[in-house]
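Colleague: First the structure, then my questions, so here it is.
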Amino acid sequence: MKTMISHKISLLLLAVFFILPISLWSQEIKLSRQDKKEARKAMLAENYRILDSLITGRKFVLEADFLQNQMGDRIAVASRINFIKINGESGILQTGNDFRTGYNGVGGVTAEGIVSSWKVTRDKRSLTHKVSFNIQTKLGTYNVFLTVNPENRATAEISGSRSGRLTWDGHLLTIDNSKVFKGMETF
């Protein structure tokens with residue numbers, strides 16, 4: 001009888017020693033999830049502030065990872081030769097292709113010109129920036145509508161004097177951190 005009671009007590013103690021740490025550990029997970037959520041929120045707010053200074057200062061490069069036409073065809077591209085660069089009052093739009101040469105020597109077109117009609121809209125709730133501007137080049141005037149989210153993803157929709165639209169989808173970088181290669185200016 002005494003051995004039976006001692007076995008029950010030892011089983012009870014073992015159960016307490018195994019169950020108690022598990023329940024404490026599950027509370028730690030809940031706390032760490034909350035901490036992760038708060039850290040992510042703080043990181044996005046800081047990214048929003050940094051991106052705001054880049055956009056306001058007009059010194060950034062959108063390096064495209066994908067290009068998409070008005071029909072919805074989307075292709076992966078090399079970001080070092082497919083970009084939109086804004087440096088103060090000047091801007092460059094460039095497309096390129098790794099497999100052939102084009103008008104600009106890198107398989108596409110390079111249009112360099114003057115930036116005008118700059119308008120920035122900030123959405124503090126979703127932490128996004130929407131920027132619209134024009135680039136006047138030798139090839140024509142291009143309307144650019146840029147959307148940047150706090151995770152540093154950017155989408156720019158470009159339309160020009162000719163019919164059609166091209167969308168650059170990529171990420172925003174400072175000019176110093178960008179590794180783009182500018183081809184020859186077209187025409």
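Ligands are numbered from 1 in the order shown, residues from 1 within each chain, and chains are lettered A, B, ... in the order they appear in the structure tokens.
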Check the DSSP output for the backbone and give back, as a PyMOL selection string, the residues of chain A in helix (DSSP H, G or I).
Modeller: chain A and resi 2-57
Colleague: What's the 6 Å shell around range 101-112 of chain A, counting only C-alpha atoms, without same-chain residues fewer than 5 positions away, as a list in words?
Modeller: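 Near neighbours after the sequence-gap exclusion: Gly91, Ile92, Leu93, Gln94, Thr95, Gly96, Thr137, Gly183, Met184, Glu185 and Thr186 of chain A.
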Colleague: So that I can check the surroundings of Tyr142 in chain A, please list as number ranges by chain every protein, DNA and RNA residue that reaches within 9 Å of it, counting only C-alpha atoms and ignoring chain neighbours fewer than 2 positions away.
Modeller: A: 133-137, 139-140, 144, 158-161
Colleague: For a test of reading the model, state the distance in Å between CA of His129 in chain A and CA of Ala78 in chain A, rounded to one decimal.
Modeller: 24.7 Å
Colleague: Could you check which of A:Asn152, A:Ser79, A:Ser117, A:Thr141 is closest to Trp168 in chain A, using only C-alpha atoms?
Modeller: A:Ser79
Colleague: I want to know what sits within 6 Å of Asn87 in chain A, based on only C-alpha atoms, with residues of the same chain fewer than 2 positions away left out; could you give that as a list in words?
Modeller: Arg58, Lys59 and Ser90 of chain A
Colleague: Print the selection's residues with C-alpha atoms to a file, as an mmCIF file, in the first residue's frame.
Modeller:
data_model
loop_
_atom_site.group_PDB
_atom_site.id
_atom_site.type_symbol
_atom_site.label_atom_id
_atom_site.label_comp_id
_atom_site.auth_asym_id
_atom_site.auth_seq_id
_atom_site.Cartn_x
_atom_site.Cartn_y
_atom_site.Cartn_z
ATOM 1 C CA ARG A 58 14.419 63.184 -54.638
ATOM 2 C CA LYS A 59 17.504 60.973 -54.502
ATOM 3 C CA SER A 90 16.981 64.888 -63.359
#
Colleague: Considering only C-alpha atoms, can you say which of A:Val61, A:Val115, A:Val131, A:Met71 comes closest to Ser178 in chain A?
Modeller: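 Closest candidate: A:Val61.
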Colleague: A:Ile114, A:Ile84, A:Leu172, A:Leu127: which is nearest Ala42 in chain A, counting only C-alpha atoms?
Modeller: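 Smallest distance to Ala42 in chain A is found for A:Leu127.
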Colleague: Using only C-alpha atoms for the distances, tell me which of A:Arg74, A:Arg125, A:Arg162, A:Lys36 is nearest to Tyr48 in chain A.
Modeller: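 Among the listed residues, the smallest separation from Tyr48 in chain A belongs to A:Arg125.
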Colleague: Can you tell me, as a PDB file with N, CA and C atoms, in the first residue's frame, what residues are no more than 10 Å from Leu44 in chain A when counting only C-alpha atoms, ignoring any on the same chain fewer than 6 positions away?
Modeller:
ATOM      1  N   GLU A  38       5.281  43.773 -32.281  1.00  0.00           N
ATOM      2  CA  GLU A  38       5.645  45.146 -31.932  1.00  0.00           C
ATOM      3  C   GLU A  38       6.950  45.563 -32.602  1.00  0.00           C
ATOM      4  N   ILE A  50      12.433  56.606 -43.186  1.00  0.00           N
ATOM      5  CA  ILE A  50      13.610  56.636 -44.060  1.00  0.00           C
ATOM      6  C   ILE A  50      13.192  56.828 -45.512  1.00  0.00           C
ATOM      7  N   SER A 126      -1.486  53.197 -43.676  1.00  0.00           N
ATOM      8  CA  SER A 126      -0.887  52.017 -44.309  1.00  0.00           C
ATOM      9  C   SER A 126       0.619  52.177 -44.516  1.00  0.00           C
ATOM     10  N   LEU A 127       1.167  53.336 -44.123  1.00  0.00           N
ATOM     11  CA  LEU A 127       2.596  53.640 -44.220  1.00  0.00           C
ATOM     12  C   LEU A 127       3.114  53.554 -45.655  1.00  0.00           C
ATOM     13  N   ASN A 149       5.816  50.852 -50.484  1.00  0.00           N
ATOM     14  CA  ASN A 149       5.318  50.404 -49.178  1.00  0.00           C
ATOM     15  C   ASN A 149       6.471  50.369 -48.174  1.00  0.00           C
ATOM     16  N   PRO A 150       6.186  50.253 -46.880  1.00  0.00           N
ATOM     17  CA  PRO A 150       7.258  50.330 -45.884  1.00  0.00           C
ATOM     18  C   PRO A 150       8.204  49.130 -45.875  1.00  0.00           C
ATOM     19  N   GLU A 151       7.866  48.083 -46.596  1.00  0.00           N
ATOM     20  CA  GLU A 151       8.770  46.939 -46.717  1.00  0.00           C
ATOM     21  C   GLU A 151       9.742  47.140 -47.869  1.00  0.00           C
ATOM     22  N   ASN A 152       9.766  48.363 -48.398  1.00  0.00           N
ATOM     23  CA  ASN A 152      10.682  48.781 -49.452  1.00  0.00           C
ATOM     24  C   ASN A 152      10.360  48.164 -50.813  1.00  0.00           C
TER      25      ASN A 152
END
Colleague: What is the CA of Thr121 in chain A to CA of Arg165 in chain A distance in Å?
Modeller: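 Result for CA of Thr121 in chain A versus CA of Arg165 in chain A: 21.8 Å, one decimal.
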